[in-house]
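Structure file start.txt; described as compact mmCIF, C-alpha atoms.
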# COMPACT_ATOMS: atom_id res chain seq x y z
CA MET H 250 11.28 -50.24 -10.72
CA ASN H 251 9.63 -47.93 -13.16
CA LEU H 252 6.55 -47.79 -10.98
CA ASN H 253 8.68 -46.87 -7.97
CA ALA H 254 10.35 -44.10 -9.93
CA ILE H 255 6.95 -42.70 -10.90
CA ARG H 256 5.73 -42.90 -7.28
CA PHE H 257 8.91 -41.16 -6.10
CA SER H 258 8.58 -38.35 -8.65
CA LEU H 259 4.88 -37.90 -7.77
CA LEU H 260 5.85 -37.48 -4.12
CA LEU H 261 8.65 -35.09 -5.05
CA THR H 262 6.59 -32.87 -7.39
CA PRO H 263 4.69 -30.82 -4.77
CA ALA H 264 7.94 -30.16 -2.94
CA LEU H 265 9.56 -28.96 -6.14
CA LEU H 266 6.61 -26.75 -7.03
CA CYS H 267 6.90 -24.77 -3.78
CA GLY H 268 9.82 -22.35 -3.82
CA CYS H 269 11.98 -21.60 -0.80
CA VAL H 270 10.61 -19.03 1.62
CA THR H 271 12.52 -17.31 4.41
CA THR H 272 10.39 -16.02 7.27
CA THR H 273 11.42 -13.63 10.05
CA VAL H 274 9.18 -13.05 13.05
CA GLU H 275 9.88 -10.27 15.52
CA GLU H 276 8.06 -9.58 18.74
CA PHE H 277 8.14 -6.28 20.62
CA MET H 278 5.80 -6.72 23.55
CA THR H 279 5.94 -4.31 26.49
CA VAL H 280 3.34 -6.21 28.48
CA ALA H 281 2.01 -9.70 27.87
CA PRO H 282 -1.76 -9.77 27.40
CA ILE H 283 -3.68 -11.59 30.09
CA VAL H 284 -6.87 -12.85 28.51
CA GLY H 285 -9.44 -13.79 31.12
CA ASP H 286 -12.09 -16.45 30.69
CA GLY H 287 -14.88 -15.30 28.42
CA GLU H 288 -12.96 -12.24 27.25
CA ALA H 289 -12.95 -11.64 23.52
CA VAL H 290 -10.29 -10.77 20.95
CA VAL H 291 -10.99 -9.06 17.61
CA VAL H 292 -8.68 -9.07 14.59
CA LEU H 293 -9.18 -5.90 12.53
CA THR H 294 -7.68 -4.83 9.21
CA ASN H 295 -6.12 -1.38 9.31
CA ARG H 296 -7.80 0.39 6.37
CA GLN H 297 -6.59 3.91 7.03
CA ASP H 298 -3.51 3.63 4.83
CA ALA H 299 -4.30 4.71 1.25
CA VAL H 300 -1.84 2.32 -0.38
CA VAL H 301 -1.11 -0.59 1.97
CA GLU H 302 -3.89 -2.83 3.29
CA ALA H 303 -3.82 -6.49 4.30
CA GLU H 304 -5.64 -8.73 1.82
CA LYS H 305 -8.93 -10.33 2.84
CA SER H 306 -7.38 -13.76 2.18
CA PHE H 307 -4.60 -12.94 4.68
CA THR H 308 -6.96 -11.92 7.50
CA GLU H 309 -9.14 -14.97 6.80
CA CYS H 310 -6.05 -17.18 6.98
CA LEU H 311 -4.94 -15.48 10.22
CA TYR H 312 -8.41 -15.91 11.69
CA SER H 313 -8.35 -19.63 10.93
CA ARG H 314 -4.84 -19.94 12.43
CA LEU H 315 -6.06 -18.25 15.62
CA GLN H 316 -9.24 -20.34 15.87
CA PRO H 317 -7.89 -23.02 18.18
CA LEU H 318 -7.17 -20.39 20.85
CA LYS H 319 -7.00 -21.28 24.49
CA LYS H 320 -10.28 -22.57 25.88
CA ASP H 321 -12.75 -19.83 26.87
CA ILE H 322 -11.10 -17.07 24.79
CA VAL H 323 -13.63 -15.79 22.27
CA LEU H 324 -12.52 -14.71 18.82
CA ILE H 325 -14.98 -12.22 17.32
CA ASP H 326 -15.40 -11.79 13.59
CA GLU H 327 -14.30 -8.40 12.19
CA GLU H 328 -17.62 -7.74 10.40
CA GLN H 329 -19.65 -8.63 13.48
CA PHE H 330 -17.58 -6.23 15.61
CA LYS H 331 -17.75 -3.38 13.08
CA ASP H 332 -21.51 -3.83 12.63
CA ALA H 333 -22.09 -3.86 16.39
CA LEU H 334 -20.13 -0.61 16.81
CA PHE H 335 -21.26 0.93 13.51
CA PRO H 336 -19.93 3.34 12.31
CA TRP H 337 -17.20 3.99 14.89
CA PHE H 338 -14.70 1.51 13.42
CA GLU H 339 -15.13 2.63 9.80
CA PRO H 340 -11.85 4.07 8.39
CA ARG H 341 -13.01 7.69 8.87
CA LEU H 342 -13.63 7.24 12.60
CA ALA H 343 -11.57 4.24 13.71
CA PRO H 344 -9.14 5.20 16.49
CA SER H 345 -5.59 5.46 15.20
CA ARG H 346 -3.96 5.16 18.62
CA PRO H 347 -5.00 3.34 21.80
CA GLU H 348 -5.49 6.56 23.78
CA ALA H 349 -8.28 7.50 21.35
CA VAL H 350 -10.16 4.37 22.40
CA SER H 351 -10.69 5.79 25.89
CA LEU H 352 -12.35 8.86 24.32
CA LEU H 353 -14.56 6.56 22.26
CA LEU H 354 -15.50 4.51 25.32
CA GLU H 355 -16.70 7.66 27.09
CA ASP H 356 -19.85 7.28 24.99
CA PRO H 357 -22.06 4.94 27.05
CA ARG H 358 -23.56 3.39 23.91
CA ILE H 359 -20.13 2.35 22.59
CA ALA H 360 -18.89 1.27 26.02
CA GLY H 361 -22.06 -0.76 26.56
CA LYS H 362 -21.75 -2.53 23.23
CA THR H 363 -18.07 -3.33 23.81
CA GLU H 364 -18.91 -4.72 27.23
CA GLU H 365 -21.79 -6.74 25.80
CA LEU H 366 -19.42 -8.34 23.29
CA GLY H 367 -16.82 -8.84 26.01
CA VAL H 368 -14.04 -7.39 23.84
CA ARG H 369 -10.80 -6.89 25.74
CA TYR H 370 -8.13 -6.90 23.00
CA LEU H 371 -8.00 -5.47 19.48
CA ILE H 372 -5.39 -6.79 17.06
CA TRP H 373 -4.77 -4.41 14.16
CA ILE H 374 -3.30 -6.03 11.05
CA HIS H 375 -1.28 -3.90 8.66
CA GLY H 376 0.82 -4.90 5.68
CA GLU H 377 0.58 -6.63 2.34
CA SER H 378 2.17 -9.06 -0.08
CA ALA H 379 3.95 -7.67 -3.10
CA VAL H 380 5.70 -8.93 -6.21
CA VAL H 381 8.97 -7.18 -6.99
CA ASN H 382 11.94 -7.53 -9.28
CA LYS H 383 10.35 -9.37 -12.22
CA GLN H 384 12.92 -10.84 -14.59
CA GLY H 385 13.16 -13.12 -17.63
CA ASN H 386 11.09 -13.78 -20.68
CA MET H 387 8.72 -16.43 -21.95
CA THR H 388 7.07 -16.91 -25.30
CA CYS H 389 4.20 -19.21 -26.08
CA SER H 390 2.78 -20.17 -29.45
CA PHE H 391 -0.19 -22.30 -30.42
CA SER H 392 -1.33 -23.72 -33.72
CA ALA H 393 -3.68 -26.41 -35.00
CA ALA H 394 -0.82 -28.91 -34.72
CA GLY H 395 -0.18 -28.03 -31.08
CA GLY H 396 1.72 -25.47 -29.08
CA GLY H 397 4.11 -24.78 -26.29
CA CYS H 398 6.10 -22.25 -24.31
CA PHE H 399 9.78 -21.55 -23.97
CA GLY H 400 11.68 -19.37 -21.54
CA VAL H 401 12.23 -18.56 -17.86
CA LEU H 402 10.41 -16.04 -15.67
CA SER H 403 11.31 -15.15 -12.11
CA TRP H 404 10.13 -12.67 -9.52
CA ASP H 405 10.56 -12.00 -5.81
CA ASN H 406 7.61 -12.34 -3.45
CA ASN H 407 7.63 -10.27 -0.30
CA SER H 408 4.98 -10.49 2.44
CA ASP H 409 5.36 -8.04 5.28
CA TYR H 410 2.70 -7.84 8.00
CA GLU H 411 2.47 -6.59 11.55
CA ALA H 412 -0.06 -7.11 14.29
CA THR H 413 -0.48 -4.40 16.92
CA ILE H 414 -2.24 -5.48 20.10
CA TRP H 415 -4.35 -2.96 22.04
CA ASP H 416 -5.82 -3.48 25.45
CA LEU H 417 -9.23 -1.77 25.48
CA GLN H 418 -9.56 -1.94 29.26
CA GLU H 419 -6.27 -0.13 29.82
CA SER H 420 -6.43 1.95 26.60
CA ARG H 421 -2.84 1.17 25.70
CA SER H 422 -0.78 -0.69 23.14
CA LEU H 423 0.82 -3.89 24.44
CA GLY H 424 3.20 -4.31 21.56
CA VAL H 425 3.74 -5.37 17.98
CA ILE H 426 4.46 -8.71 16.35
CA SER H 427 5.75 -8.57 12.79
CA SER H 428 6.33 -11.25 10.21
CA GLU H 429 8.24 -10.89 6.98
CA ALA H 430 8.49 -13.67 4.43
CA THR H 431 10.55 -13.48 1.25
CA GLY H 432 11.09 -15.90 -1.58
CA THR H 433 11.70 -16.19 -5.31
CA SER H 434 9.19 -17.72 -7.71
CA VAL H 435 10.35 -19.22 -11.00
CA VAL H 436 8.45 -20.47 -14.04
CA THR H 437 10.53 -22.56 -16.41
CA ALA H 438 9.03 -23.58 -19.72
CA ILE H 439 10.30 -26.12 -22.20
CA VAL H 440 7.03 -26.77 -24.04
CA VAL H 441 5.11 -27.05 -20.75
CA PRO H 442 5.52 -24.24 -18.15
CA ILE H 443 6.48 -25.54 -14.70
CA PRO H 444 5.85 -23.01 -11.93
CA VAL H 445 7.82 -23.10 -8.70
CA LEU H 446 6.02 -20.60 -6.49
CA ALA H 447 7.23 -19.03 -3.26
CA ARG H 448 4.12 -18.91 -1.08
CA THR H 449 5.20 -16.04 1.16
CA LYS H 450 1.70 -14.90 2.13
CA SER H 451 0.71 -18.23 3.63
CA ALA H 452 4.14 -18.54 5.31
CA SER H 453 3.71 -15.08 6.83
CA CYS H 454 0.17 -15.90 7.95
CA LYS H 455 1.31 -19.14 9.56
CA SER H 456 4.20 -17.58 11.47
CA LEU H 457 2.27 -14.48 12.58
CA GLY H 458 -0.78 -16.58 13.53
CA ASP H 459 1.29 -19.05 15.55
CA GLN H 460 3.15 -16.26 17.36
CA LEU H 461 -0.08 -14.41 18.15
CA ARG H 462 -1.65 -17.62 19.44
CA ASN H 463 1.36 -18.24 21.69
CA VAL H 464 1.20 -14.70 23.09
CA LEU H 465 -2.57 -14.82 23.70
CA SER H 466 -2.55 -18.34 25.11
CA SER H 467 0.45 -17.91 27.41
CA SER H 468 -1.56 -16.13 30.11
CA MET U 55 -17.44 -48.29 -28.68
CA LYS U 56 -16.52 -46.05 -31.58
CA ASN U 57 -19.94 -44.48 -31.29
CA GLY U 58 -19.33 -43.79 -27.59
CA ILE U 59 -16.02 -42.02 -28.33
CA ALA U 60 -17.71 -39.94 -31.04
CA ASN U 61 -20.49 -39.02 -28.59
CA ASN U 62 -17.92 -37.98 -25.98
CA HIS U 63 -16.09 -35.94 -28.57
CA TYR U 64 -19.34 -34.24 -29.56
CA TYR U 65 -20.21 -33.60 -25.91
CA PHE U 66 -16.84 -31.93 -25.18
CA LEU U 67 -17.10 -29.85 -28.35
CA ARG U 68 -20.54 -28.62 -27.30
CA LEU U 69 -19.24 -27.91 -23.78
CA ALA U 70 -16.30 -25.91 -25.19
CA TRP U 71 -18.67 -23.88 -27.38
CA ALA U 72 -20.97 -23.23 -24.42
CA ILE U 73 -18.05 -22.00 -22.29
CA CYS U 74 -16.80 -19.76 -25.14
CA ALA U 75 -20.30 -18.33 -25.65
CA MET U 76 -20.65 -17.72 -21.91
CA LEU U 77 -17.31 -15.91 -21.78
CA LEU U 78 -18.25 -13.80 -24.78
CA LEU U 79 -21.60 -12.89 -23.26
CA THR U 80 -19.93 -12.02 -19.96
CA ALA U 81 -17.46 -9.79 -21.77
CA CYS U 82 -20.19 -8.00 -23.74
CA GLY U 83 -22.81 -7.59 -20.98
CA SER U 84 -22.90 -4.89 -18.35
CA THR U 85 -21.98 -5.48 -14.71
CA THR U 86 -24.53 -4.39 -12.13
CA LEU U 87 -22.96 -3.82 -8.74
CA ALA U 88 -24.39 -5.75 -5.80
CA LEU U 89 -25.02 -3.31 -2.98
CA ARG U 90 -25.76 -4.17 0.60
CA GLU U 91 -29.48 -3.92 1.36
CA ASP U 92 -29.28 -3.60 5.11
CA PHE U 93 -27.07 -1.44 7.27
CA PRO U 94 -26.50 -1.86 10.99
CA GLN U 95 -28.21 0.50 13.44
CA PRO U 96 -25.78 3.38 14.07
CA LEU U 97 -24.69 4.09 17.63
CA VAL U 98 -25.27 7.83 17.96
CA GLU U 99 -26.46 10.33 20.54
CA ARG U 100 -30.01 11.43 19.69
CA LEU U 101 -30.36 15.19 19.16
CA PRO U 102 -33.47 16.95 20.49
CA TYR U 103 -34.79 18.00 17.08
CA ASP U 104 -37.90 17.04 15.16
CA VAL U 105 -36.72 16.94 11.56
CA GLY U 106 -38.35 16.53 8.20
CA VAL U 107 -36.44 14.93 5.34
CA HIS U 108 -37.10 15.38 1.65
CA TYR U 109 -35.73 12.91 -0.89
CA SER U 110 -36.01 14.13 -4.46
CA PRO U 111 -36.98 11.60 -7.18
CA ASP U 112 -33.43 12.01 -8.57
CA PHE U 113 -31.99 11.01 -5.21
CA SER U 114 -34.32 8.05 -4.65
CA SER U 115 -33.79 6.58 -8.10
CA PHE U 116 -30.15 7.51 -8.70
CA ALA U 117 -28.40 5.21 -11.13
CA TYR U 118 -24.98 5.52 -12.72
CA ALA U 119 -23.74 3.83 -15.85
CA GLU U 120 -20.26 4.02 -17.35
CA GLU U 121 -18.92 1.64 -19.96
CA ASP U 122 -20.00 -1.77 -18.65
CA ILE U 123 -20.65 -0.74 -15.04
CA VAL U 124 -24.17 -0.04 -13.75
CA VAL U 125 -24.78 1.18 -10.18
CA SER U 126 -28.32 1.61 -8.85
CA LEU U 127 -27.68 3.56 -5.70
CA GLY U 128 -31.01 5.34 -5.11
CA VAL U 129 -32.84 2.83 -2.92
CA GLU U 130 -29.77 1.95 -0.82
CA GLN U 131 -28.70 5.53 -0.15
CA ARG U 132 -32.24 6.54 0.79
CA ARG U 133 -32.47 3.58 3.17
CA LEU U 134 -29.14 4.55 4.73
CA PHE U 135 -30.02 8.24 5.22
CA ASP U 136 -33.40 7.19 6.67
CA LEU U 137 -31.70 4.85 9.15
CA VAL U 138 -29.10 7.41 10.25
CA PHE U 139 -31.54 10.35 10.56
CA SER U 140 -34.00 8.15 12.51
CA SER U 141 -31.21 7.30 14.97
CA MET U 142 -29.87 10.86 15.13
CA PHE U 143 -33.00 12.92 15.81
CA THR U 144 -35.95 12.71 18.21
CA THR U 145 -38.40 12.33 15.33
CA LYS U 146 -38.00 12.10 11.58
CA SER U 147 -40.76 12.52 9.05
CA LEU U 148 -40.90 12.80 5.28
CA VAL U 149 -41.54 16.21 3.67
CA GLU U 150 -43.00 16.45 0.18
CA ASN U 151 -42.03 19.97 -0.80
CA PRO U 152 -39.33 21.76 1.19
CA ASP U 153 -39.38 24.83 -1.11
CA SER U 154 -43.01 25.71 -0.36
CA GLN U 155 -43.27 28.97 1.56
CA ALA U 156 -45.70 27.50 4.09
CA PRO U 157 -44.13 26.77 7.50
CA GLN U 158 -43.67 23.13 8.40
CA PRO U 159 -45.61 22.69 11.64
CA GLY U 160 -43.90 20.70 14.36
CA LEU U 161 -40.54 20.58 12.63
CA ASP U 162 -37.33 22.24 13.81
CA LEU U 163 -35.37 21.53 10.64
CA VAL U 164 -35.96 20.19 7.15
CA LEU U 165 -33.04 18.33 5.56
CA VAL U 166 -32.63 17.69 1.85
CA PRO U 167 -29.73 15.38 0.94
CA VAL U 168 -28.44 15.74 -2.62
CA LEU U 169 -26.00 13.37 -4.35
CA GLU U 170 -23.86 15.59 -6.57
CA ASP U 171 -21.50 13.02 -7.99
CA PHE U 172 -20.63 9.33 -8.03
CA ALA U 173 -17.16 8.43 -9.32
CA PHE U 174 -14.88 5.43 -9.31
CA LEU U 175 -11.26 4.78 -10.19
CA THR U 176 -9.69 1.52 -11.27
CA PRO U 177 -6.29 0.22 -10.05
CA GLY U 178 -4.81 1.21 -13.41
CA GLU U 179 -5.93 4.81 -12.97
CA THR U 180 -4.60 5.18 -9.43
CA ALA U 181 -1.44 3.08 -9.88
CA THR U 182 -2.40 1.18 -6.71
CA ASN U 183 -3.98 -2.23 -6.14
CA PHE U 184 -7.33 -0.68 -5.26
CA TYR U 185 -10.65 0.26 -6.80
CA SER U 186 -11.87 3.43 -5.14
CA VAL U 187 -15.34 4.97 -5.07
CA SER U 188 -16.31 8.49 -4.03
CA LEU U 189 -19.78 9.86 -3.30
CA LYS U 190 -20.08 13.65 -3.21
CA TYR U 191 -23.12 14.94 -1.30
CA HIS U 192 -24.50 18.09 0.22
CA ILE U 193 -27.36 18.46 2.65
CA ARG U 194 -29.58 21.55 2.38
CA VAL U 195 -30.82 22.71 5.76
CA TYR U 196 -34.13 24.61 6.08
CA ASP U 197 -35.53 26.10 9.29
CA GLU U 198 -39.09 25.69 10.56
CA ASN U 199 -40.24 28.55 8.28
CA THR U 200 -38.82 26.69 5.25
CA ARG U 201 -36.11 29.32 4.95
CA LEU U 202 -32.87 27.92 3.56
CA VAL U 203 -30.35 28.50 6.35
CA GLY U 204 -27.37 26.70 4.90
CA TYR U 205 -25.88 23.61 3.46
CA TRP U 206 -23.34 21.04 4.49
CA PRO U 207 -21.11 19.40 1.85
CA PHE U 208 -19.20 16.18 2.33
CA VAL U 209 -17.49 13.42 0.36
CA ALA U 210 -17.57 9.73 1.31
CA PHE U 211 -14.92 7.25 0.16
CA GLY U 212 -14.56 3.52 -0.15
CA LYS U 213 -11.79 1.35 -1.52
CA ASN U 214 -11.22 -2.31 -2.10
CA ARG U 215 -8.42 -4.43 -3.50
CA GLY U 216 -8.82 -5.36 -7.16
CA ALA U 217 -9.51 -8.93 -8.21
CA LEU U 218 -7.82 -10.74 -11.09
CA VAL U 219 -10.91 -11.70 -13.06
CA SER U 220 -13.97 -9.60 -12.23
CA LYS U 221 -14.35 -5.98 -11.20
CA LYS U 222 -17.88 -6.52 -9.92
CA GLU U 223 -16.94 -7.74 -6.47
CA PRO U 224 -14.22 -5.18 -5.65
CA LEU U 225 -16.31 -2.29 -7.00
CA SER U 226 -19.42 -3.47 -5.13
CA ASP U 227 -17.41 -3.75 -1.90
CA ALA U 228 -15.83 -0.31 -2.45
CA THR U 229 -19.30 1.23 -3.02
CA ASN U 230 -20.69 -0.50 0.10
CA MET U 231 -17.71 0.83 2.02
CA ALA U 232 -18.40 4.35 0.69
CA LEU U 233 -22.03 4.06 1.85
CA ARG U 234 -20.84 3.04 5.30
CA ASP U 235 -18.54 6.07 5.20
CA VAL U 236 -21.63 8.23 4.53
CA ALA U 237 -23.02 7.02 7.87
CA ALA U 238 -19.68 7.74 9.55
CA ALA U 239 -19.67 11.31 8.19
CA LEU U 240 -23.29 11.94 9.24
CA VAL U 241 -22.92 10.47 12.72
CA SER U 242 -19.75 12.40 13.52
CA GLU U 243 -19.33 15.55 11.43
CA PHE U 244 -22.94 16.37 10.49
CA HIS U 245 -24.06 15.55 14.05
CA SER U 246 -21.57 18.11 15.34
CA ALA U 247 -22.57 20.65 12.65
CA VAL U 248 -26.25 20.41 13.66
CA LEU U 249 -25.35 20.75 17.32
CA LYS U 250 -23.28 23.89 16.69
CA GLU U 251 -25.33 25.09 13.70
CA GLU U 252 -22.11 25.18 11.70
CA TRP U 253 -23.05 24.97 8.05
CA ARG U 254 -22.22 27.01 5.02
CA PRO U 255 -24.44 30.07 4.42
CA PRO U 256 -27.24 29.99 1.81
CA GLU U 257 -25.24 32.33 -0.46
CA ALA U 258 -22.81 29.50 -0.95
CA VAL U 259 -25.70 27.28 -2.06
CA ALA U 260 -26.68 29.85 -4.67
CA ARG U 261 -23.08 29.95 -5.95
CA GLU U 262 -22.88 26.16 -6.05
CA THR U 263 -26.13 25.79 -8.00
CA GLU U 264 -25.32 28.51 -10.56
Could you show the structure in this file as structure tokens?
Amino acid sequence: MNLNAIRFSLLLTPALLCGCVTTTVEEFMTVAPIVGDGEAVVVLTNRQDAVVEAEKSFTECLYSRLQPLKKDIVLIDEEQFKDALFPWFEPRLAPSRPEAVSLLLEDPRIAGKTEELGVRYLIWIHGESAVVNKQGNMTCSFSAAGGGCFGVLSWDNNSDYEATIWDLQESRSLGVISSEATGTSVVTAIVVPIPVLARTKSASCKSLGDQLRNVLSSS
Amino acid sequence: MKNGIANNHYYFLRLAWAICAMLLLTACGSTTLALREDFPQPLVERLPYDVGVHYSPDFSSFAYAEEDIVVSLGVEQRRLFDLVFSSMFTTKSLVENPDSQAPQPGLDLVLVPVLEDFAFLTPGETATNFYSVSLKYHIRVYDENTRLVGYWPFVAFGKNRGALVSKKEPLSDATNMALRDVAAALVSEFHSAVLKEEWRPPEAVARETE
């Protein structure tokens, strides 16, 4: 009986340690992308904002979520794309609107490289995860005889990201998919601190990645 | 058995001391930023100029040290300027002394890049989540008769999100990003300035160097 209770609590622990997360996904697509066989898609981080920029861990997560794309659709790594078109996608020169891409593609060197890579769609990622509204207090003390903590801490996690899809061939924006995840993390300590964390960034990555994969694979 | 427990105890004590010593050494030592050694070939329209480039010893061996941060930028920035100028002009050769009064045969322009300032800001200083790095340069432009015809100032930026433990990685990435921004500035704005001969007059150089 005791053994069963221990097994049950071991199974329950991970669930308890993950806080509740609410995710909202919104899709504003004017035209659905039609990705042809062998055409490539690049996910790029928008670095032109001085304060807000998607974390590397988020874009890596999104990239891995998009990996099992429909057969024959190529997903190109951001660094590989930026190096191939160096330095035209550095923050100083990266086009800020799709119409500017057509100007960029007037240069035969850039157009040739884009064609060589087979890039048809650019997906710009913008947003970040933030911690807001910290509350509570916790004190910890340690001595030779031992130590421990006492108190409660809580904070709100908010992850807000959007993916803007550009069609390079048509030099236009096809639409935006956004994902917002919110949740509250709590650390309760009676001797040992027990964190219950709201993993909003991974929830946001999962929902945005799945939605993007649906949109790109529907054609 | 007792002996085994004592040995284990001794082992863990030694391990704990080793970790503490390592942490202390890490805290006391300086951090040398890891800069990218190779840059991609820039895509740029080649201008019909034969240029000479002079890199001063200060430029080629530039190093910056502040508190526990050490940046050796000289080799990397020279490599980057070399790569960009080689892609931007018909020919590029090295010039030993651009201030000599003797004309430089076969050269249309002589360029002398100068790094005026390297600076970085921590997330605490900017009240953002980012480390930012700025590189302030100017390029002196001489004509074929080694007459100073003007100079072209520019500032390159790079930023990267701060990490919880170490500042080495975010600062290295921000500096690499600033170096890539140097290439972006040269390929777009300096390229256009050379084409239109739009640079600041030599009097401005004199004022700047006073």
Requested in this report: Using all atoms listed in the file, find which residues of chain U lie within 8 Å of chain H and jot them down as a list in words.
Outcome: Pro94, Gln95, Pro96, Leu97, Val98, Thr182, Asn183, Phe184, Arg215, Arg234, Asp235, Ala237, Ala238, Ala239 and Val241 of chain U
Could you write out that same residue set with C-alpha atoms as a PDB file, in the coordinates of the input?
ATOM      1  CA  PRO U  94     -26.500  -1.860  10.990  1.00  0.00           C
ATOM      2  CA  GLN U  95     -28.210   0.500  13.440  1.00  0.00           C
ATOM      3  CA  PRO U  96     -25.780   3.380  14.070  1.00  0.00           C
ATOM      4  CA  LEU U  97     -24.690   4.090  17.630  1.00  0.00           C
ATOM      5  CA  VAL U  98     -25.270   7.830  17.960  1.00  0.00           C
ATOM      6  CA  THR U 182      -2.400   1.180  -6.710  1.00  0.00           C
ATOM      7  CA  ASN U 183      -3.980  -2.230  -6.140  1.00  0.00           C
ATOM      8  CA  PHE U 184      -7.330  -0.680  -5.260  1.00  0.00           C
ATOM      9  CA  ARG U 215      -8.420  -4.430  -3.500  1.00  0.00           C
ATOM     10  CA  ARG U 234     -20.840   3.040   5.300  1.00  0.00           C
ATOM     11  CA  ASP U 235     -18.540   6.070   5.200  1.00  0.00           C
ATOM     12  CA  ALA U 237     -23.020   7.020   7.870  1.00  0.00           C
ATOM     13  CA  ALA U 238     -19.680   7.740   9.550  1.00  0.00           C
ATOM     14  CA  ALA U 239     -19.670  11.310   8.190  1.00  0.00           C
ATOM     15  CA  VAL U 241     -22.920  10.470  12.720  1.00  0.00           C
TER      16      VAL U 241
END
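When all atoms listed in the file are used to compute distances to Asp197 of chain U, the closest of the residues U:Leu240, U:Leu101, U:Val248, U:Ala173 turns out to be U:Val248.
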Report task. Mind checking which residues fall within 9 Å of Trp415 of chain H, counting only C-alpha atoms, ignoring those fewer than 2 positions away in the same chain, and posting them as an MDAnalysis selection string? Result -> chainID H and resid 346:347 369:373 413 417:424
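In this structure, atom CA of Thr388 of chain H sits 6.4 Å away from atom CA of Gly400 of chain H.
Atom CA of Phe113 of chain U sits 20.8 Å away from atom CA of Pro256 of chain U.
Counting from atom CA of Ala247 of chain U, the distance to atom CA of Glu99 of chain U is 13.6 Å.
Around Ala447 of chain H, within 10 Å and counting only C-alpha atoms, the residues found are Leu266, Cys267, Gly268, Cys269, Val270, Thr271, Trp404, Asp405, Asn406, Asn407, Ala430, Thr431, Gly432, Thr433, Ser434, Val435, Pro444, Lys450, Ser451 and Ala452 of chain H, once anything fewer than 3 positions away on its own chain is removed.
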